[in-house]
Every structure is written in C-alpha cells, then in structure tokens.
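Taking it in order: structure first as structure tokens, then the write-up.
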Amino acid sequence: MRQIIFLIFFCTQFSIAQNSQFVNVFIGTDGTGHTFPGPSKPFGMVQPGPDNRDEGWNHTSGYQFQDSVLLGFSQTRFSGTGIGEMGDILLLPFSQDKIERRNAYHKDSEKAVVGYYSVTKKDEVKVELTCSDRVAFHQYTFPSENGKVLLDLQHGLRFLTDSLVLESDVKIVNNHKISGYCKTKNWVTRTYFFTIEFDTPFSESEKLPSKKKENAPRFNLSFGLKSNRLLKVKIALSTVSVEGAINNLGTEIPHWDFDRVVQENQVEWDKYLRRIEIQAPQKQKEIFYTSLYHLFLQPSNIADVDGYYRGADNQIAQAMNKEYYSTLSNWDIYRGAFPLLQILVPEKIDGIVNSMLLHHQAAGFLPIWSAWGQDNYCMIGNHAIPMILSAYRNGFRGFDAQKALESMIETSTVSHINSDWELYNQYGYYPFDKLDNESVSRTLESGVDDYSTSQMAKLLQNKTQAKYFSKRALYYKNLFDPETQLFRGKDTKGNFRVPFYPLVATSPMNNPGDYTEANAWQYFWTPAQYDLKGITQLLGGKSSLTRQLNTFFTTETPNPNKFLGQEAMIGQYAHGNEPSHHILYLYAFSDEPQKGQAYIHKVLQEFHDNTPNGMIGNDDCGQMSAWYILSTLGFYPVNPTNGQFVFGSPQVEKATIHFNNGKTLEIQGDHFSERTLYNNVRLWNNRRIKDSFITYQQIIEGGILTFKMFE
C-alpha cells in the first residue's frame with residue numbers, strides 16, 4: 001500500500017506519463033526473481049541501486065527486498081541473473097559511525113518508480129538515485145550541515161571469489177573530482193574507467209587501511225554543506241578510458257538538476273512502454289508493464305557517447321551507430337526475449353547482431369554469455385547462432401549475412417570453451433565418460449545451433465554447409481532411449497548411463513550430471529523447438545506425443561530444488577527455468593490443444609503476481625518477463641528462429657502493438673472473460689488462420705488478430 005501511495009504522490013511531482021505509472025520495480029526483488037529496484041535507462045550502461053550484500057545466490061543483483069541492512073549504493077548490476085557480477089563504485093553517505101545506524105535503513109521509507117529510487121537510512125540520511133544511460137546521479141540529504149561519504153572502489157558483487165580487484169589507479173583530481181580505473185576478476189575479467197564529481201567540495205579525504213588481497217582504495221570523504229544540507233554526486237563510467245567517462249558525463253548530464261534527469265529518464269521509458277497497450281485490470285497491468293520494463297533493461301549498450309568501446313580482445317574500437325551491446329544472456333533470451341525484441345524494438349536488432357559479430361571477430365567465436373564486453377562462458381551451446389538466424393529470417397539486413405554465416409560455421413567447427421567438436425563429431429553426441437558433466441544437454445543444445453547454421457546456409461545457398469549441419473542437427477536421436485522414451489547419457493561404447501534417474505535435476509554448480517539446470521524429462525523437449533516432427537516420430541505419432549505431454553505435466557517431483565530452476569512446477573514443467581518455457585505450446589500440435597491453453601492460464605495466474613515475490617524463478621535478463629508478455633498476448637515462438645509464433649490463449653480482452661512505422665496490430669479476445677480460457681478459431685484481418693501459428697511478417701504488417709474464446 002505504501003508503494004501505491006508514493007506512486008500517486010510521485011506522479012504529481014514528476015508527471016509520470018502513460019504506462020510507466022503501472023511499473024512496480026519491486027516485482028521480482030524478493031525470492032528468486034533477482035531483479036533490482038534502482039533506476040536504469042532502456043538498454044543503459046548503468047543501474048545505480050542499493051546493495052544489501054556483495055555475495056550469495058540470493059543477492060546476485062545486490063538486493064533482496066526482505067533485507068533492511070545495506071553496504072551502500074553501487075552503479076552497475078544485472079537484472080534477474082543467477083550469478084553476481086558488477087556492483088562497481090560503492091558510495092555510502094552517513095552521518096554517524098555506528099554500524100547499526102550507518103548501515104541500516106527504514107524499510108517503510110523505501111520508494112521507487114521508473115527512473116527514481118529513494119530511501120532514508122537510520123542515521124536519517126536520505127538517499128535519492130536516478131541516471132542517464134552512462135551516468136549515475138545521487139542526491140543525499142543529511143540531517144545536519146556536516147556530511148560524510150564512504151567511497152569504496154574495492155566493492156563488487158562477487159561470485160566464488162574473495163578477491164575482486166586485480167589492479168587500480170585512482171586519483172583525487174581535486175576536492176570536487178575523483179577519477180581512475182579498476183581491473184576486476186569475477187564472473188569475467190574486465191576493466192572499468194570512471195569519474196566522480198561532487199557539487200560541493202570535500203573538506204577532507206581519509207584513505208582507509210586496505211585489507212588482505214585488496215588492490216583498490218576506500219575513502220571517507222567529509223563535506224561542509226549549505227543550509228539545504230544537500231550533496232549531489234555524478235558517477236560516469238566507460239569501458240574505454242577516464243577521458244571517455246568524462247565525455248559521457250559532460251554530454252549526458254552537464255548540469256546538477258536532479259529532478260530534470262528523473263523526468264528525462266521517465267520520458268524515455270514511456271517511449272518504449274507505450275509500444276503495447278492492453279485493456280486489463282490494474283493488477284494485470286502492473287505485472288505486464290513491469291515485465292515490459294524488465295525486458296528493456298538489457299542487453300546494455302556499453303559504447304561511450306562517441307561510439308568507442310573495449311572489445312573481447314581488450315582493444316578499443318568504434319562501433320557502428322555508436323552501439324555495442326553486452327550483457328547478452330543468450331542461453332536464456334534466444335528463446336522468447338529476442339524474438340519479442342524484434343517485434344517491439346526492431347531499431348535495436350541490427351546493433352545487437354553486429355555486436356555479436358564484432359565479438360566473434362575479436363574472440364574467434366560468437367558470444368556465449370557476454371558481460372561488459374567479455375565472455376563468462378556461462379551455460380552451454382552458442383545461442384548467438386539461433387539469434388542471428390532469427391533476425392535474418394525475419395528480414396533484418398543491417399549486418400553482413402555472409403560474415404554472419406562464416407561466424408556461425410567457425411563457432412560450430414573450431415573447438416573452444418564448452419565446445420569440443422572433435423569429440424562431438426567422432427561419436428555423434430557428447431559421451432559422458434569423456435565429458436562427465438552436461439553431456440546430454442550439450443548434445444541437445446548443439447542441435448539447436450546446428451539446425452540454425454544449416455538454415456542460414458540454406459538461405460544463403462550454401463548447399464554443402466546446409467547439408468552438413470542438417471545432419472548434425474539430428475545427432476540428438478543418437479541419445480534416444482526407446483525403453484524410457486527419453487534422452488539419456490551414453491558413453492563411448494554406446495552404453496546408456498546406469499543407474500538412470502530421470503526426475504533428478506542436475507547442474508555443474510552443485511549437482512553434476514548429464515543435464516543443465518534440469519532433468520531428463522525437461523530436456524526431452526529441447527529438439528522439439530526445431531524438429532517437432534522428428535520428436536513425434538520417435539515417440540510413435542501424434543497420439544504418443546499427446547500421451548508424453550500428459551505424462552510430463554502430471555508426474556510430480558519430490559522435493560524439487562529451486563537452485564536448479566525446479567520451481568513454479570506443474571508436474572515436470574518447471575516455469576522457473578528456461579528449458580521448459582516452450583513446452584506448454586507443444587500442446588498446439590497434439591490431440592488436446594485446449595489442455596495447453598488451460599496450463600498457460602494457470603501459469604499466468606499462479607506463478608506471476610504484482611508483489612515483490614511475484615516472479616518465481618530468475619528473470620534472466622528479461623526472458624521470464626518475455627514469456628509473460630507473449631503469453632498474455634496469446635502466442636509464443638516454440639521455434640525462435642523460424643518467425644512463427646504458436647497460438648496459446650490471450651489473457652486480455654484487447655491489446656494493441658504500436659510499430660515504429662505507424663502500423664498497429666490489434667489483438668482481440670472475442671467473448672473474453674475469466675471463464676473463457678480456450679480458443680480454436682483465430683482470424684487475421686477477418687480471414688481464418690488455418691495454421692496453429694501467426695508469422696512475424698503478419699504481426700508487423702499489422703491489422704487485427706481475433707481469438708474466438710469459449711469456456
């Protein structure tokens with residue numbers, strides 16, 4: 001209730017327009033959503049916000065809603081990931097030295113909306129945050145005219161390390177400005193450059209003693225303030241240089257008007273949030289527009305305002321159109337988020353693809369999971385490959401298609417981290433006695449990439465490569481066990497793994513086995529993304545496919561492990577992790593399509609809410625949010641690369657997608673109500689659609705898509 005009251009008050013102050021008023025930035029901040037309440041810009045470089053802790057799975061974004069103790073306010077973070085990274089440049093304003101006052105806050109004072117966050121600490125220092133794309137802006141109100149600020153350059157959101165900063169060079173330029181760089185080793189090894197400016201000079205700077213293994217300084221800065229007791233701080237970042245950070249600051253926020261930056265932030269957000277309008281109750285709008293907000297947080301454009309960036313080879317270059325995107329969680333977002341971005345922000349797609357091609361040029365293979373321009377090699381497969389195919393097939397031509405194909409081929413034939421193509425080609429699968437972890441999942445995920453490479457080669461009339469990768473895309477069949485009708489680990493002699501526990505989820509982090517954050521049942525459906533016909537044949541026909549789906553959704557797992565994404569479950573369907581996200585839509589190709597529509601409704605109603613714990617499972621840079629948005633509209637890309645969006649069941653009476661070219665797609669639920677969960681007749685511009693899907697080209701052409709709903 002306090003958040004709603006504040007939202008009304010804040011709207012009158014800053015005139016939040018249109019759909020940003022429905023965004024509840026606290027959704028997903030409690031539990032496993034791993035989102036954060038601090039401000040950001042769409043696809044922005046910085047995300048200033050509170051850090052309650054600097055390590056631990058619950059605090060990968062630095063924040064957990066239930067906490068009321070904080071370390072300070074850092075300037076960068078990821079949204080919804082399962083591993084901690086970033087957390088650069090921590091500042092903590094304080095008026096008392098006692099930890100219980102300095103590092104605690106009044107929970108009921110915490111307020112946040114799009115582009116703005118504030119909290120009052122127990123030493124009565126009020127902290128307000130906003131930002132531009134590359135510059136964080138802090139405003140502190142102290143209880144007296146004497147203020148202090150801890151500046152901690154050793155801080156970061158750590159992952160499996162007790163030492164973060166490898167080296168640093170920090171200079172107090174004058175009593176208004178501190179600049180420098182830090183090189184850190186965490187999820188990735190990276191270097192960030194910064195400049196910090198204060199609107200009031202500090203009267204004293206005390207360098208604090210360093211602890212063991214620390215290579216960056218901490219300072220206590222003292223300020224004599226004016227009668228308004230205000231202190232304003234701007235922190236600009238760059239991957240390139242201190243000069244780049246200074247230029248970013250001077251270009252984006254050359255003034256000290258905090259409220260102006262808040263307003264500019266919100267105006268920019270509404271340009272994106274109004275690209276879809278839905279007719280729905282308040283609660284549903286809050287979930288929907290918060291999902292849209294989370295979708296647009298990342299990937300992040302980490303190029304400076306002049307277009308320069310530091311690439312995967314640590315070399316500085318200038319990006320086309322001043323765009324170089326990182327925070328590419330490709331294993332997650334290739335499924336639903338990237339196809340949705342192609343619908344809603346087509347102006348970003350060529351830049352994202354070109355960024356991945358530049359990464360390949362520098363590293364020798366396409367990015368697996370990039371952060372701050374560097375690869376953390378997290379997850380399996382090389383799912384930049386299906387993303388590139390998806391963009392090309394949907395008509396994007398702002399990148400060199402031939403170079404794209406070459407990068408896909410090289411990535412799929414020259415061994416690198418997580419990919420041993422000599423082993424894969426020798427056996428036609430990854431044998432578990434040669435690859436003792438994730439062998440089945442790696443085989444199945446490689447099939448997605450091989451299919452995508454074959455299709456790209458086919459589109460570019462490279463018959464030799466199309467044939468080669470089409471054959472490899474079917475390697476998944478080599479692991480099919482006719483007895484269990486699942487994909488099962490196999491050794492170099494062709495023997496299946498014994499014993500076999502198909503309901504046990506495995507992960508390289510804490511429960512090694514043949515599957516990645518999932519079990520045999522959940523990974524069975526991975527090849528169905530691109531070869532549902534082949535999966536259906538393996539099972540014995542359409543009726544067997546239906547039976548397999550019914551078994552999947554009704555077989556329970558005792559004591560599911562949420563750390564492996566085994567949460568928000570319906571039988572074996574685990575909405576908390578990405579390998580399950582397309583499976584509900586496979587019912588559209590079964591004998592019982594309405595059953596899938598009922599399950600979709602159940603997931604939307606029971607596993608998403610407008611509360612801090614309203615997101616069950618990591619958001620993973622917008623993939624969970626994308627699933628919610630697409631499913632609310634009534635379709636989802638089972639095959640993310642072929643431009644087809646399979647019909648489910650819309651959850652609103654009316655939705656309108658606004659395209660940049662002025663066209664609109666109006667989605668209607670004819671006879672929509674809380675009881676009419678089903679549909680089997682769809683009309684596009686009053687013509688019945690015979691297929692179980694609508695295409696990307698039909699969507700962007702615009703018009704009216706009507707679902708005939710019934711009980």
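Just so we're on the same page: first chain in the structure tokens is A, next is B, and so on; residues restart at 1 for each chain, and ligands are numbered from 1 in the order they show up.
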
Could you give me, as a tab-separated table, a per-residue list for region 414-459 of chain A showing, wherever an atom lies at most 12 Å from an atom of region 639-659 of chain A, the closest pair of atoms and their distance in Å to one decimal, using only C-alpha atoms and sorting by chain then residue number from low to high?
```
residue	atom	partner	partner_atom	distance
A:Val448	CA	A:Asn639	CA	9.4
A:Asp449	CA	A:Thr641	CA	10.3
A:Tyr451	CA	A:Thr641	CA	9.6
A:Ser452	CA	A:Thr641	CA	7.2
A:Thr453	CA	A:Thr641	CA	10.7
A:Ser454	CA	A:Thr641	CA	11.7
A:Gln455	CA	A:Thr641	CA	9.2
A:Met456	CA	A:Thr641	CA	10.0
A:Leu459	CA	A:Asn642	CA	11.8
```

Taking N, CA and C atoms for each residue, export the selection above as a compact mmCIF listing (two decimals), in the first residue's frame.
```txt
# COMPACT_ATOMS: atom_id res chain seq x y z
N VAL A 448 20.29 -27.35 -31.56
CA VAL A 448 19.61 -26.08 -31.86
C VAL A 448 20.51 -25.20 -32.72
N ASP A 449 21.79 -25.14 -32.37
CA ASP A 449 22.73 -24.30 -33.12
C ASP A 449 23.02 -24.89 -34.50
N TYR A 451 21.03 -26.80 -36.32
CA TYR A 451 19.85 -26.53 -37.15
C TYR A 451 19.89 -25.09 -37.67
N SER A 452 20.21 -24.16 -36.78
CA SER A 452 20.21 -22.74 -37.16
C SER A 452 21.28 -22.45 -38.21
N THR A 453 22.45 -23.05 -38.05
CA THR A 453 23.51 -22.86 -39.04
C THR A 453 23.12 -23.45 -40.38
N SER A 454 22.47 -24.61 -40.35
CA SER A 454 22.04 -25.24 -41.61
C SER A 454 21.01 -24.37 -42.32
N GLN A 455 20.11 -23.78 -41.57
CA GLN A 455 19.07 -22.95 -42.18
C GLN A 455 19.66 -21.66 -42.74
N MET A 456 20.63 -21.07 -42.03
CA MET A 456 21.28 -19.87 -42.53
C MET A 456 22.04 -20.18 -43.81
N LEU A 459 19.56 -20.47 -46.63
CA LEU A 459 19.07 -19.17 -47.09
C LEU A 459 20.11 -18.47 -47.96
```

Those of region 220-385 of chain A in DSSP alpha helix (DSSP H), formatted as a PyMOL selection string:
chain A and resi 242-252+258-273+282-295+330-333+337-344+346-363+384-385

Export of prior selection with C-alpha atoms as a compact mmCIF listing (two decimals), in the first residue's frame:
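The new file part22.txt reads:
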```txt
# COMPACT_ATOMS: atom_id res chain seq x y z
CA VAL A 242 38.82 8.10 -17.97
CA GLU A 243 38.52 10.61 -20.80
CA GLY A 244 35.64 8.56 -22.16
CA ALA A 245 33.91 8.64 -18.79
CA ILE A 246 34.43 12.42 -18.54
CA ASN A 247 32.96 12.88 -22.02
CA ASN A 248 29.99 10.67 -21.12
CA LEU A 249 29.33 12.80 -18.04
CA GLY A 250 29.68 16.13 -19.81
CA THR A 251 27.49 15.03 -22.69
CA GLU A 252 24.68 13.38 -20.79
CA PHE A 258 18.43 16.04 -10.29
CA ASP A 259 14.69 16.35 -10.96
CA ARG A 260 15.35 17.08 -14.64
CA VAL A 261 17.27 13.82 -15.02
CA VAL A 262 14.41 11.92 -13.36
CA GLN A 263 11.94 13.44 -15.81
CA GLU A 264 14.14 12.75 -18.83
CA ASN A 265 14.57 9.16 -17.69
CA GLN A 266 10.82 8.66 -17.41
CA VAL A 267 10.07 10.31 -20.74
CA GLU A 268 12.50 7.92 -22.42
CA TRP A 269 10.94 4.92 -20.71
CA ASP A 270 7.45 5.85 -21.84
CA LYS A 271 8.61 5.86 -25.46
CA TYR A 272 9.22 2.13 -25.00
CA LEU A 273 6.45 1.21 -22.57
CA GLN A 282 -4.80 -2.63 -12.56
CA LYS A 283 -3.08 -5.71 -11.14
CA GLN A 284 -2.59 -7.28 -14.54
CA LYS A 285 -1.30 -4.01 -15.97
CA GLU A 286 1.28 -3.81 -13.19
CA ILE A 287 2.61 -7.29 -13.93
CA PHE A 288 2.53 -6.71 -17.69
CA TYR A 289 4.26 -3.33 -17.79
CA THR A 290 6.81 -4.33 -15.19
CA SER A 291 7.60 -7.31 -17.43
CA LEU A 292 7.97 -4.92 -20.36
CA TYR A 293 10.25 -2.73 -18.24
CA HIS A 294 12.42 -5.71 -17.29
CA LEU A 295 12.58 -6.82 -20.94
CA ASN A 330 22.00 -15.81 -24.94
CA TRP A 331 21.08 -19.21 -23.46
CA ASP A 332 18.07 -17.51 -21.91
CA ILE A 333 16.99 -14.75 -24.27
CA ALA A 337 13.03 -12.35 -25.37
CA PHE A 338 14.97 -11.84 -28.61
CA PRO A 339 12.01 -12.69 -30.88
CA LEU A 340 9.90 -10.26 -28.83
CA LEU A 341 12.54 -7.54 -29.11
CA GLN A 342 12.37 -7.94 -32.88
CA ILE A 343 8.68 -7.06 -32.70
CA LEU A 344 8.91 -4.20 -30.23
CA PRO A 346 13.40 -3.51 -34.34
CA GLU A 347 15.73 -0.50 -34.34
CA LYS A 348 17.96 -2.32 -31.83
CA ILE A 349 18.29 -5.67 -33.60
CA ASP A 350 20.97 -4.91 -36.19
CA GLY A 351 23.09 -3.34 -33.45
CA ILE A 352 22.77 -6.43 -31.26
CA VAL A 353 23.69 -8.76 -34.13
CA ASN A 354 26.61 -6.58 -35.20
CA SER A 355 27.85 -6.58 -31.61
CA MET A 356 27.86 -10.38 -31.59
CA LEU A 357 29.72 -10.43 -34.91
CA LEU A 358 32.31 -7.99 -33.54
CA HIS A 359 32.73 -10.28 -30.55
CA HIS A 360 33.36 -13.20 -32.91
CA GLN A 361 35.89 -11.14 -34.84
CA ALA A 362 37.78 -10.42 -31.61
CA ALA A 363 37.43 -13.77 -29.82
CA ALA A 384 24.03 -16.26 -30.65
CA ILE A 385 23.66 -18.62 -33.63
```

Using CA of Asn19 (chain A) and CA of Arg274 (chain A) as the two end points, give the distance in Å to one decimal.
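Separation of CA of Asn19 (chain A) and CA of Arg274 (chain A): 6.1 Å.
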
Write out as a list in words the residues lying within 12 Å of Leu539 (chain A), counting only C-alpha atoms and excluding same-chain residues fewer than 5 positions away.
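So the residues in contact are Lys477, Phe480, Asp481, Pro482, Glu483, Thr484, Gln485, Leu486, Phe487, Phe524, Trp525, Ala528, Leu532, Lys533, Gly534, Ser544, Leu545, Thr546, Arg547, Gln548 and Leu549 of chain A.
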
Assign secondary structure with DSSP using the backbone only, and return the residues of region 82-296 of chain A in strand (DSSP E or B) as a ChimeraX atom specification.
/A:90-94,104-105,111-113,116-121,126-131,135-141,146-152,165-174,177-185,189-198,202-207,218-224,230-238,276-279

List the neighbours of Val498 (chain A) out to 12 Å using only C-alpha atoms; skip same-chain residues closer than 6 positions along the sequence, and give me the result as an mmCIF file with N, CA and C atoms, in the first residue's frame.
```cif
data_model
loop_
_atom_site.group_PDB
_atom_site.id
_atom_site.type_symbol
_atom_site.label_atom_id
_atom_site.label_comp_id
_atom_site.auth_asym_id
_atom_site.auth_seq_id
_atom_site.Cartn_x
_atom_site.Cartn_y
_atom_site.Cartn_z
ATOM 1 N N PHE A 432 29.390 -39.381 -21.954
ATOM 2 C CA PHE A 432 29.570 -38.927 -20.576
ATOM 3 C C PHE A 432 30.883 -39.395 -19.948
ATOM 4 N N ARG A 488 19.156 -39.857 -22.941
ATOM 5 C CA ARG A 488 19.873 -40.423 -21.808
ATOM 6 C C ARG A 488 21.371 -40.435 -22.093
ATOM 7 N N GLY A 489 22.179 -40.207 -21.064
ATOM 8 C CA GLY A 489 23.621 -40.206 -21.230
ATOM 9 C C GLY A 489 24.137 -41.519 -21.797
ATOM 10 N N LYS A 490 25.100 -41.397 -22.696
ATOM 11 C CA LYS A 490 25.665 -42.575 -23.355
ATOM 12 C C LYS A 490 27.188 -42.441 -23.349
ATOM 13 N N ASP A 491 27.896 -43.558 -23.125
ATOM 14 C CA ASP A 491 29.351 -43.493 -23.084
ATOM 15 C C ASP A 491 29.948 -43.762 -24.460
ATOM 16 N N ASP A 514 24.175 -35.240 -16.228
ATOM 17 C CA ASP A 514 24.088 -35.145 -17.681
ATOM 18 C C ASP A 514 23.246 -33.983 -18.181
#
```

Report, in Å with one decimal, the straight-line distance from CA of Val240 (chain A) to CA of Arg218 (chain A).
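Distance between the two atoms: 22.9 Å.
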
May I have the residues within 7 Å of Arg682 (chain A) as a PDB file with N, CA and C atoms, in the first residue's frame, using only C-alpha atoms and disregarding those fewer than 3 positions away in the same chain?
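See selection35.pdb below for the written result:
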```pdb
ATOM      1  N   ARG A 688      -9.755 -16.468 -41.580  1.00  0.00           N
ATOM      2  CA  ARG A 688      -9.420 -17.528 -40.636  1.00  0.00           C
ATOM      3  C   ARG A 688      -8.003 -18.035 -40.872  1.00  0.00           C
ATOM      4  N   ILE A 689      -7.258 -18.180 -39.787  1.00  0.00           N
ATOM      5  CA  ILE A 689      -5.904 -18.724 -39.868  1.00  0.00           C
ATOM      6  C   ILE A 689      -5.991 -20.238 -39.698  1.00  0.00           C
ATOM      7  N   THR A 706      -7.886 -11.790 -34.129  1.00  0.00           N
ATOM      8  CA  THR A 706      -9.030 -12.088 -33.270  1.00  0.00           C
ATOM      9  C   THR A 706      -8.999 -13.541 -32.823  1.00  0.00           C
ATOM     10  N   PHE A 707      -9.148 -13.753 -31.534  1.00  0.00           N
ATOM     11  CA  PHE A 707      -9.300 -15.091 -30.966  1.00  0.00           C
ATOM     12  C   PHE A 707     -10.765 -15.271 -30.574  1.00  0.00           C
ATOM     13  N   LYS A 708     -11.395 -16.320 -31.053  1.00  0.00           N
ATOM     14  CA  LYS A 708     -12.763 -16.643 -30.661  1.00  0.00           C
ATOM     15  C   LYS A 708     -12.702 -17.477 -29.386  1.00  0.00           C
TER      16      LYS A 708
END
```

Within 6 Å of Leu70 (chain A), counting only C-alpha atoms, which residues show up once you throw out same-chain ones fewer than 4 positions away? Write them as a list in words, please.
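Counting only C-alpha atoms, the residues come to Asp51, Asn52, Asn103 and Ala104 of chain A.
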
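Take CA of Glu167 (chain A) and CA of Gly80 (chain A): the distance between them is 28.4 Å.
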
Given the choices A:Cys621, A:Val114, A:Val638, A:Ala457, which gets closest to Tyr587 (chain A) if the distance is worked out from only C-alpha atoms?
A:Val638

Residue contacts of Ser580 (chain A) (8 Å, only C-alpha atoms) excluding same-chain residues fewer than 6 positions away, as a list of chain:residue names
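My list of contacting residues is A:Gln522, A:Tyr523, A:Trp525, A:Tyr573, A:Ala574.
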